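Undergrad: upload.cif is reproduced in full below (mmCIF, C-alpha atoms).
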data_my_file
loop_
_atom_site.group_PDB
_atom_site.id
_atom_site.type_symbol
_atom_site.label_atom_id
_atom_site.label_comp_id
_atom_site.auth_asym_id
_atom_site.auth_seq_id
_atom_site.Cartn_x
_atom_site.Cartn_y
_atom_site.Cartn_z
ATOM 1 C CA MET H 1 69.076 81.407 26.130
ATOM 2 C CA THR H 2 66.220 83.054 28.010
ATOM 3 C CA ALA H 3 63.576 84.473 25.668
ATOM 4 C CA PHE H 4 59.820 84.797 25.167
ATOM 5 C CA GLY H 5 57.692 84.973 22.048
ATOM 6 C CA ARG H 6 53.947 85.295 21.569
ATOM 7 C CA ALA H 7 51.666 85.401 18.537
ATOM 8 C CA GLU H 8 47.940 85.352 17.893
ATOM 9 C CA LYS H 9 45.892 84.496 14.815
ATOM 10 C CA THR H 10 42.137 84.800 14.290
ATOM 11 C CA THR H 11 40.280 82.893 11.608
ATOM 12 C CA GLU H 12 36.627 81.886 11.175
ATOM 13 C CA GLY H 13 35.746 83.045 14.662
ATOM 14 C CA ARG H 14 38.551 81.089 16.362
ATOM 15 C CA ILE H 15 41.474 82.736 18.145
ATOM 16 C CA TYR H 16 44.759 80.811 18.172
ATOM 17 C CA THR H 17 47.480 81.860 20.621
ATOM 18 C CA ALA H 18 51.030 80.513 20.787
ATOM 19 C CA GLU H 19 53.321 81.397 23.687
ATOM 20 C CA ILE H 20 56.907 80.108 23.710
ATOM 21 C CA ARG H 21 59.349 80.467 26.606
ATOM 22 C CA SER H 22 62.959 79.277 26.549
ATOM 23 C CA VAL H 23 65.428 79.097 29.430
ATOM 24 C CA ASN H 24 69.056 77.992 29.667
ATOM 25 C CA SER H 25 69.860 74.304 29.675
ATOM 26 C CA ARG H 26 72.730 72.144 28.437
ATOM 27 C CA TYR H 27 70.273 69.906 26.593
ATOM 28 C CA GLY H 28 67.270 70.293 24.311
ATOM 29 C CA ASP H 29 63.917 69.777 26.031
ATOM 30 C CA ILE H 30 60.659 70.896 24.386
ATOM 31 C CA ILE H 31 57.459 70.741 26.439
ATOM 32 C CA VAL H 32 54.141 71.332 24.653
ATOM 33 C CA ARG H 33 50.827 72.129 26.348
ATOM 34 C CA VAL H 34 47.785 71.991 24.056
ATOM 35 C CA PRO H 35 43.983 71.563 24.373
ATOM 36 C CA SER H 36 42.924 67.906 24.281
ATOM 37 C CA GLN H 37 41.551 68.150 20.729
ATOM 38 C CA LEU H 38 45.015 69.143 19.463
ATOM 39 C CA LEU H 39 46.952 66.284 21.073
ATOM 40 C CA PRO H 40 47.287 64.473 17.702
ATOM 41 C CA ILE H 41 49.466 67.322 16.370
ATOM 42 C CA GLU H 42 51.643 67.705 19.496
ATOM 43 C CA ASP H 43 54.614 66.037 17.796
ATOM 44 C CA GLN H 44 54.297 68.342 14.787
ATOM 45 C CA ILE H 45 54.513 71.338 17.121
ATOM 46 C CA LYS H 46 57.671 69.922 18.762
ATOM 47 C CA LYS H 47 59.329 69.293 15.398
ATOM 48 C CA LEU H 48 58.528 72.807 14.182
ATOM 49 C CA VAL H 49 59.997 74.399 17.319
ATOM 50 C CA ALA H 50 63.063 72.124 17.121
ATOM 51 C CA THR H 51 63.891 73.508 13.654
ATOM 52 C CA ARG H 52 64.599 76.877 15.300
ATOM 53 C CA ILE H 53 65.715 76.006 18.841
ATOM 54 C CA SER H 54 68.092 73.083 19.399
ATOM 55 C CA ARG H 55 69.294 73.747 22.947
ATOM 56 C CA GLY H 56 67.585 74.839 26.141
ATOM 57 C CA ARG H 57 64.343 74.094 27.936
ATOM 58 C CA VAL H 58 61.434 75.304 25.810
ATOM 59 C CA GLU H 59 57.811 75.500 26.924
ATOM 60 C CA VAL H 60 55.130 75.903 24.252
ATOM 61 C CA ILE H 61 51.593 76.821 25.319
ATOM 62 C CA ILE H 62 48.823 76.667 22.702
ATOM 63 C CA LYS H 63 45.385 78.133 23.379
ATOM 64 C CA VAL H 64 42.315 78.006 21.139
ATOM 65 C CA LYS H 65 39.279 80.150 21.868
ATOM 66 C CA ASN H 66 36.035 80.130 19.918
ATOM 67 C CA GLY H 67 34.772 83.624 19.182
ATOM 68 C CA SER H 68 31.273 82.222 18.631
ATOM 69 C CA GLN H 69 30.057 79.235 20.586
ATOM 70 C CA ALA H 70 30.423 76.076 18.524
ATOM 71 C CA VAL H 71 27.228 74.039 18.197
ATOM 72 C CA PRO H 72 27.760 70.466 19.406
ATOM 73 C CA ASP H 73 26.458 67.461 17.506
ATOM 74 C CA ILE H 74 23.306 66.089 19.221
ATOM 75 C CA HIS H 75 22.544 62.368 18.939
ATOM 76 C CA ILE H 76 19.267 60.754 20.086
ATOM 77 C CA ASP H 77 19.261 57.014 20.658
ATOM 78 C CA LEU H 78 15.614 56.304 19.752
ATOM 79 C CA PRO H 79 15.788 52.508 20.196
ATOM 80 C CA LEU H 80 17.164 53.003 23.695
ATOM 81 C CA ALA H 81 14.481 55.603 24.507
ATOM 82 C CA LYS H 82 11.695 53.262 23.275
ATOM 83 C CA ALA H 83 13.130 50.380 25.247
ATOM 84 C CA TYR H 84 13.263 52.410 28.456
ATOM 85 C CA HIS H 85 9.776 53.812 27.867
ATOM 86 C CA GLY H 86 8.370 50.323 27.268
ATOM 87 C CA ALA H 87 10.049 48.965 30.366
ATOM 88 C CA LEU H 88 8.750 51.823 32.502
ATOM 89 C CA CYS H 89 5.224 51.423 31.149
ATOM 90 C CA GLU H 90 5.340 47.694 31.884
ATOM 91 C CA LEU H 91 6.610 48.402 35.397
ATOM 92 C CA ASN H 92 3.844 50.992 35.894
ATOM 93 C CA GLU H 93 1.213 48.539 34.806
ATOM 94 C CA THR H 94 2.590 45.650 36.866
ATOM 95 C CA LEU H 95 2.718 47.722 40.004
ATOM 96 C CA GLN H 96 -0.660 49.212 39.198
ATOM 97 C CA MET H 97 0.672 52.692 39.397
ATOM 98 C CA GLU H 98 -0.954 55.622 37.705
ATOM 99 C CA GLU H 99 2.152 57.773 37.539
ATOM 100 C CA LYS H 100 2.559 59.369 34.155
ATOM 101 C CA ILE H 101 5.831 58.582 32.365
ATOM 102 C CA GLY H 102 6.901 61.831 30.735
ATOM 103 C CA LEU H 103 9.800 63.115 28.688
ATOM 104 C CA GLN H 104 11.500 64.481 31.794
ATOM 105 C CA THR H 105 11.820 60.951 33.133
ATOM 106 C CA LEU H 106 13.496 59.704 29.974
ATOM 107 C CA LEU H 107 15.881 62.672 29.836
ATOM 108 C CA GLY H 108 17.380 61.464 33.104
ATOM 109 C CA VAL H 109 18.466 58.209 31.488
ATOM 110 C CA ARG H 110 22.125 58.298 30.455
ATOM 111 C CA GLY H 111 22.813 57.616 26.811
ATOM 112 C CA ILE H 112 19.462 58.558 25.309
ATOM 113 C CA ILE H 113 20.695 62.042 24.354
ATOM 114 C CA THR H 114 24.403 62.697 23.864
ATOM 115 C CA ALA H 115 26.225 65.847 22.762
ATOM 116 C CA THR H 116 29.663 65.722 21.166
ATOM 117 C CA GLU H 117 31.962 68.505 20.035
ATOM 118 C CA PRO H 118 32.367 68.804 16.267
ATOM 119 C CA GLU H 119 35.360 66.842 14.994
ATOM 120 C CA GLU H 120 38.497 68.990 14.711
ATOM 121 C CA ASP H 121 39.778 69.595 11.177
ATOM 122 C CA LEU H 122 43.428 69.099 12.124
ATOM 123 C CA GLY H 123 44.756 69.895 8.655
ATOM 124 C CA LYS H 124 43.017 73.258 8.622
ATOM 125 C CA THR H 125 43.949 73.926 12.248
ATOM 126 C CA TRP H 126 47.630 73.129 11.636
ATOM 127 C CA SER H 127 47.768 75.523 8.690
ATOM 128 C CA VAL H 128 46.785 78.428 10.960
ATOM 129 C CA LEU H 129 48.532 77.231 14.110
ATOM 130 C CA SER H 130 51.881 76.583 12.420
ATOM 131 C CA SER H 131 51.866 80.146 11.102
ATOM 132 C CA CYS H 132 51.138 81.385 14.629
ATOM 133 C CA ILE H 133 53.999 79.322 16.095
ATOM 134 C CA ARG H 134 56.445 80.587 13.454
ATOM 135 C CA GLU H 135 55.575 84.184 14.321
ATOM 136 C CA ALA H 136 56.146 83.475 18.022
ATOM 137 C CA LEU H 137 59.515 81.936 17.112
ATOM 138 C CA GLU H 138 60.399 85.077 15.140
ATOM 139 C CA ASN H 139 59.716 87.139 18.263
ATOM 140 C CA ILE H 140 61.931 84.813 20.302
ATOM 141 C CA ASP H 141 64.693 85.149 17.713
ATOM 142 C CA ALA H 142 64.578 88.933 18.011
ATOM 143 C CA MET H 143 65.190 88.675 21.773
ATOM 144 C CA ARG H 144 67.868 86.012 21.316
ATOM 145 C CA ILE H 145 69.734 88.114 18.749
ATOM 146 C CA SER H 146 69.796 91.072 21.119
ATOM 147 C CA GLU H 147 71.061 88.958 24.018
ATOM 148 C CA GLY H 148 73.432 87.117 21.682
ATOM 149 C CA MET H 149 75.170 90.335 20.701
ATOM 150 C CA ALA H 150 75.774 91.150 24.371
ATOM 151 C CA ILE H 151 77.189 87.650 24.955
ATOM 152 C CA TYR H 152 79.371 87.954 21.830
ATOM 153 C CA GLN H 153 80.886 91.207 23.106
ATOM 154 C CA ASP H 154 81.515 89.613 26.508
ATOM 155 C CA PHE H 155 83.212 86.675 24.769
ATOM 156 C CA GLN H 156 85.510 89.024 22.866
ATOM 157 C CA LYS H 157 86.547 90.854 26.026
ATOM 158 C CA ARG H 158 87.275 87.681 27.972
ATOM 159 C CA LEU H 159 89.033 85.933 25.085
ATOM 160 C CA GLN H 160 91.335 88.927 24.765
ATOM 161 C CA SER H 161 92.117 88.692 28.468
ATOM 162 C CA VAL H 162 92.879 84.950 28.141
ATOM 163 C CA GLU H 163 95.129 85.565 25.116
ATOM 164 C CA GLU H 164 97.023 88.305 26.923
ATOM 165 C CA SER H 165 97.603 86.012 29.912
ATOM 166 C CA LEU H 166 98.902 83.246 27.643
ATOM 167 C CA SER H 167 101.235 85.755 25.958
ATOM 168 C CA ARG H 168 102.624 86.704 29.364
ATOM 169 C CA ILE H 169 103.268 83.038 30.164
ATOM 170 C CA LYS H 170 104.911 82.541 26.764
ATOM 171 C CA ALA H 171 107.190 85.528 27.406
ATOM 172 C CA MET H 172 108.201 84.055 30.773
ATOM 173 C CA ALA H 173 109.060 80.611 29.343
ATOM 174 C CA PRO H 174 112.673 81.399 28.212
ATOM 175 C CA SER H 175 113.605 82.582 31.695
ATOM 176 C CA ILE H 176 112.532 79.312 33.309
ATOM 177 C CA LEU H 177 115.904 77.629 32.633
ATOM 178 C CA SER H 178 117.938 80.334 34.387
ATOM 179 C CA GLN H 179 115.431 80.387 37.255
ATOM 180 C CA TYR H 180 115.780 76.638 37.759
ATOM 181 C CA HIS H 181 119.578 76.951 37.527
ATOM 182 C CA ASP H 182 119.703 79.609 40.294
ATOM 183 C CA ARG H 183 117.081 77.853 42.438
ATOM 184 C CA LEU H 184 118.855 74.497 42.212
ATOM 185 C CA LYS H 185 122.222 76.052 43.053
ATOM 186 C CA GLU H 186 120.792 77.839 46.104
ATOM 187 C CA ARG H 187 119.147 74.650 47.334
ATOM 188 C CA ILE H 188 122.353 72.619 47.025
ATOM 189 C CA ILE H 189 124.358 75.269 48.880
ATOM 190 C CA THR H 190 121.716 75.401 51.616
ATOM 191 C CA LEU H 191 121.625 71.615 52.044
ATOM 192 C CA THR H 192 125.417 71.164 51.999
ATOM 193 C CA GLN H 193 126.163 74.415 53.812
ATOM 194 C CA GLY H 194 128.780 75.147 51.187
ATOM 195 C CA THR H 195 130.924 72.075 52.003
ATOM 196 C CA VAL H 196 130.468 70.467 48.569
ATOM 197 C CA GLU H 197 131.960 71.892 45.400
ATOM 198 C CA ILE H 198 129.342 72.290 42.682
ATOM 199 C CA ASP H 199 130.145 71.067 39.168
ATOM 200 C CA PRO H 200 128.909 73.891 36.894
ATOM 201 C CA ASN H 201 128.275 71.545 33.943
ATOM 202 C CA ARG H 202 126.310 69.059 36.034
ATOM 203 C CA LEU H 203 124.319 71.900 37.564
ATOM 204 C CA VAL H 204 123.414 73.168 34.092
ATOM 205 C CA GLN H 205 122.341 69.660 33.033
ATOM 206 C CA GLU H 206 120.163 69.109 36.062
ATOM 207 C CA ALA H 207 118.580 72.542 35.735
ATOM 208 C CA ALA H 208 117.944 71.921 32.039
ATOM 209 C CA PHE H 209 116.363 68.536 32.855
ATOM 210 C CA LEU H 210 113.999 70.077 35.386
ATOM 211 C CA ALA H 211 113.188 72.951 33.060
ATOM 212 C CA ASP H 212 112.407 70.507 30.245
ATOM 213 C CA ARG H 213 109.987 68.642 32.491
ATOM 214 C CA SER H 214 108.363 71.970 33.307
ATOM 215 C CA ASP H 215 108.247 73.224 29.709
ATOM 216 C CA VAL H 216 104.762 74.586 28.956
ATOM 217 C CA THR H 217 105.298 75.337 25.264
ATOM 218 C CA GLU H 218 103.073 72.491 24.056
ATOM 219 C CA GLU H 219 100.274 73.480 26.401
ATOM 220 C CA ILE H 220 100.448 77.093 25.211
ATOM 221 C CA VAL H 221 100.337 76.030 21.544
ATOM 222 C CA ARG H 222 97.289 73.823 22.147
ATOM 223 C CA ALA H 223 95.558 76.525 24.207
ATOM 224 C CA GLU H 224 96.143 79.076 21.428
ATOM 225 C CA SER H 225 94.696 76.604 18.906
ATOM 226 C CA HIS H 226 91.586 76.122 21.077
ATOM 227 C CA LEU H 227 91.156 79.898 21.344
ATOM 228 C CA LYS H 228 91.408 80.245 17.572
ATOM 229 C CA GLN H 229 88.693 77.601 17.156
ATOM 230 C CA PHE H 230 86.564 79.330 19.791
ATOM 231 C CA ARG H 231 86.756 82.639 17.921
ATOM 232 C CA SER H 232 85.862 80.907 14.662
ATOM 233 C CA MET H 233 82.841 79.186 16.207
ATOM 234 C CA ILE H 234 81.323 82.312 17.729
ATOM 235 C CA GLU H 235 81.336 83.845 14.242
ATOM 236 C CA SER H 236 79.302 80.918 12.893
ATOM 237 C CA GLU H 237 75.526 81.047 12.450
ATOM 238 C CA ASP H 238 75.199 77.345 13.321
ATOM 239 C CA PRO H 239 74.462 76.105 16.868
ATOM 240 C CA THR H 240 77.853 75.796 18.591
ATOM 241 C CA GLY H 241 77.045 75.774 22.311
ATOM 242 C CA ARG H 242 78.074 72.151 22.949
ATOM 243 C CA ALA H 243 81.272 72.514 20.898
ATOM 244 C CA LEU H 244 82.204 75.692 22.784
ATOM 245 C CA ASP H 245 81.585 73.931 26.076
ATOM 246 C CA PHE H 246 83.944 71.124 25.016
ATOM 247 C CA LEU H 247 86.634 73.599 23.903
ATOM 248 C CA LEU H 248 86.517 75.323 27.277
ATOM 249 C CA GLN H 249 87.008 71.981 29.014
ATOM 250 C CA GLU H 250 90.112 71.414 26.882
ATOM 251 C CA LEU H 251 91.367 74.937 27.561
ATOM 252 C CA ASN H 252 90.898 74.456 31.269
ATOM 253 C CA ARG H 253 92.856 71.189 31.078
ATOM 254 C CA GLU H 254 95.789 72.942 29.392
ATOM 255 C CA VAL H 255 95.768 75.760 31.952
ATOM 256 C CA ASN H 256 95.705 73.255 34.820
ATOM 257 C CA THR H 257 98.729 71.505 33.326
ATOM 258 C CA ILE H 258 100.577 74.814 32.985
ATOM 259 C CA GLY H 259 99.825 75.557 36.636
ATOM 260 C CA SER H 260 101.064 72.152 37.812
ATOM 261 C CA LYS H 261 104.291 72.425 35.798
ATOM 262 C CA GLY H 262 105.203 75.963 36.728
ATOM 263 C CA GLY H 263 106.713 76.653 40.113
ATOM 264 C CA ASP H 264 106.976 80.397 39.671
ATOM 265 C CA VAL H 265 104.807 82.592 41.904
ATOM 266 C CA GLN H 266 104.087 85.080 39.144
ATOM 267 C CA LEU H 267 103.087 82.295 36.764
ATOM 268 C CA SER H 268 100.765 80.850 39.422
ATOM 269 C CA HIS H 269 99.025 84.215 39.727
ATOM 270 C CA ILE H 270 98.512 84.334 35.951
ATOM 271 C CA VAL H 271 97.086 80.804 35.982
ATOM 272 C CA VAL H 272 94.567 81.812 38.668
ATOM 273 C CA GLU H 273 93.494 84.773 36.508
ATOM 274 C CA LEU H 274 93.177 82.490 33.488
ATOM 275 C CA LYS H 275 91.000 79.980 35.333
ATOM 276 C CA SER H 276 88.764 82.781 36.566
ATOM 277 C CA GLU H 277 88.209 84.058 33.006
ATOM 278 C CA LEU H 278 87.598 80.533 31.690
ATOM 279 C CA GLU H 279 84.956 79.946 34.372
ATOM 280 C CA LYS H 280 83.158 83.145 33.333
ATOM 281 C CA LEU H 281 83.316 82.022 29.708
ATOM 282 C CA ARG H 282 81.908 78.639 30.689
ATOM 283 C CA GLU H 283 78.958 80.299 32.446
ATOM 284 C CA GLN H 284 78.216 82.379 29.360
ATOM 285 C CA VAL H 285 78.465 79.374 27.036
ATOM 286 C CA GLN H 286 75.473 77.852 28.861
ATOM 287 C CA ASN H 287 73.450 80.655 27.249
ATOM 288 C CA VAL H 288 74.536 79.699 23.734
ATOM 289 C CA GLU H 289 72.494 77.338 21.602
#
Have the structure of the file written as structure tokens, please.
TA:
Amino acid sequence: MTAFGRAEKTTEGRIYTAEIRSVNSRYGDIIVRVPSQLLPIEDQIKKLVATRISRGRVEVIIKVKNGSQAVPDIHIDLPLAKAYHGALCELNETLQMEEKIGLQTLLGVRGIITATEPEEDLGKTWSVLSSCIREALENIDAMRISEGMAIYQDFQKRLQSVEESLSRIKAMAPSILSQYHDRLKERIITLTQGTVEIDPNRLVQEAAFLADRSDVTEEIVRAESHLKQFRSMIESEDPTGRALDFLLQELNREVNTIGSKGGDVQLSHIVVELKSELEKLREQVQNVE
């Protein structure tokens, strides 16, 4: 489900910012972008986000800004400086040069003076950052709840349409036998041009056989069961997106079977309507976690 959440925390002169974006996806994919000093806690960030979002592509961006400039640790390698100074003095003397060897010369030598950033207190940082991430997730949830209600209402409308179409097919089922009887009789008369006498009992048997092969009762019962499960799942607070997707595949299979069995024009029109509604449901399910 598409959503965005942002939170900011300030402590001891440092500003922590967490931005979380989620977009639709069939799978769960969490991408974390953090400053280099926070790479050791990248997995902790992923696990925290995964406790709230289990489906979709999620991008987490963490920023840390120092309100006051942190003082780096300065290290002077005195043995190295003395060694370089001695070597330069010896070179000066050997070449009989009178050039003065000053501090500026030594400062150009790599490694004599090094500056390193203070070591990150990851435990302390995580305490603040995790709180910031949770707040951003709360903001995402607020957006997801709002969008979820709109999706829920759309589900209800389309499920009602699907149920009504199935009810129409169920109401048509008893008339299939008489339709096959009349259709078979007309076809025989057309092919024989009325020269063959039709056995009424045999005609009834053949029509009943064809109607039995075209009986869609089982498919309707299974489809109604899937719809009942679908309604139950959308009332649940647990992630059900994958299960709903599977149910729609099963529903579509039943509707396809009904369409292949039925030879009635009106039934074919209803099947087309059903498949259209199921496709719209399938598109919406991609938004569900």
Undergrad: Within 12 Å of Leu274 in chain H, counting only C-alpha atoms, which residues show up once you throw out same-chain ones fewer than 6 positions away? Write them as a list in words, please.
TA: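 Surrounding residues, per the criterion: Arg158, Leu159, Gln160, Ser161, Val162, Glu163, Glu164, Ser165, Leu166, Ser167, Arg168, Ile169, Ala223, Leu248, Leu251, Asn252, Arg253, Glu254, Val255, Asn256, Ile258, Gly259, Leu267, Ser268, Lys280 and Leu281 of chain H.
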Undergrad: Please compute the CA of Thr116 in chain H-CA of Pro79 in chain H distance, one decimal, in Å.
TA: 19.2 Å
Undergrad: Compare H:Tyr84, H:Leu91, H:Gly241, H:Ser130 by their minimum atom-to-atom distance to Gly108 in chain H, counting only C-alpha atoms, and give me the closest one.
TA: H:Tyr84
Undergrad: Please write the residues picked by the PyMOL selection byres ((chain H and resi 121-125) around 10) on this file as a ChimeraX atom specification.
TA: /H:11,14,16,37-38,40-41,64,118-120,126-130
Undergrad: Give as number ranges by chain every residue, naming chains and numbers as the document does, that has an atom within 9 Å of (66.0, 83.1, 26.0), counting all atoms listed in the file.
TA: H: 1-4, 21-24, 56, 140-141, 143-144, 147, 287
Undergrad: Keeping only C-alpha atoms, write the selected residues to a file as a CSV table (one decimal), in the frame of the given file.
TA:
chain,number,residue,atom,x,y,z
H,1,MET,CA,69.1,81.4,26.1
H,2,THR,CA,66.2,83.1,28.0
H,3,ALA,CA,63.6,84.5,25.7
H,4,PHE,CA,59.8,84.8,25.2
H,21,ARG,CA,59.3,80.5,26.6
H,22,SER,CA,63.0,79.3,26.5
H,23,VAL,CA,65.4,79.1,29.4
H,24,ASN,CA,69.1,78.0,29.7
H,56,GLY,CA,67.6,74.8,26.1
H,140,ILE,CA,61.9,84.8,20.3
H,141,ASP,CA,64.7,85.1,17.7
H,143,MET,CA,65.2,88.7,21.8
H,144,ARG,CA,67.9,86.0,21.3
H,147,GLU,CA,71.1,89.0,24.0
H,287,ASN,CA,73.4,80.7,27.2
Undergrad: Separation of CA of Ala50 in chain H and CA of Glu138 in chain H, in Å?
TA: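 Here the two named atoms are 13.4 Å from each other.
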Undergrad: Using only C-alpha atoms, which of H:Arg134, H:His269, H:Lys261, H:Arg6 sits nearest Ile53 in chain H?
TA: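 Among the listed residues, the smallest separation from Ile53 in chain H belongs to H:Arg134.
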Undergrad: Compare H:Val271, H:Leu247, H:Val34, H:Leu80 by their minimum atom-to-atom distance to His226 in chain H, counting only C-alpha atoms, and give me the closest one.
TA: H:Leu247
Undergrad: Counting only C-alpha atoms, which of H:Met233, H:Ala142, H:Leu227, H:Leu106 gets nearest to Ala81 in chain H?
TA: H:Leu106
Undergrad: Here's the selection I'm unsure about, the PyMOL selection byres ((chain H and resi 115) around 6); applied to the file above, which residues does it give, as a ChimeraX atom specification?
TA: /H:72-74,114,116
Undergrad: Rounded to one decimal place, report the CA of Gln284 in chain H-CA of Leu244 in chain H distance in Å.
TA: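 Value for the CA of Gln284 in chain H-CA of Leu244 in chain H distance: 10.2 Å.
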Undergrad: As a check of understanding, name the residues that the PyMOL selection byres ((chain H and resi 27) around 9) selects in the supplied structure, as a count of residues only.
TA: 10
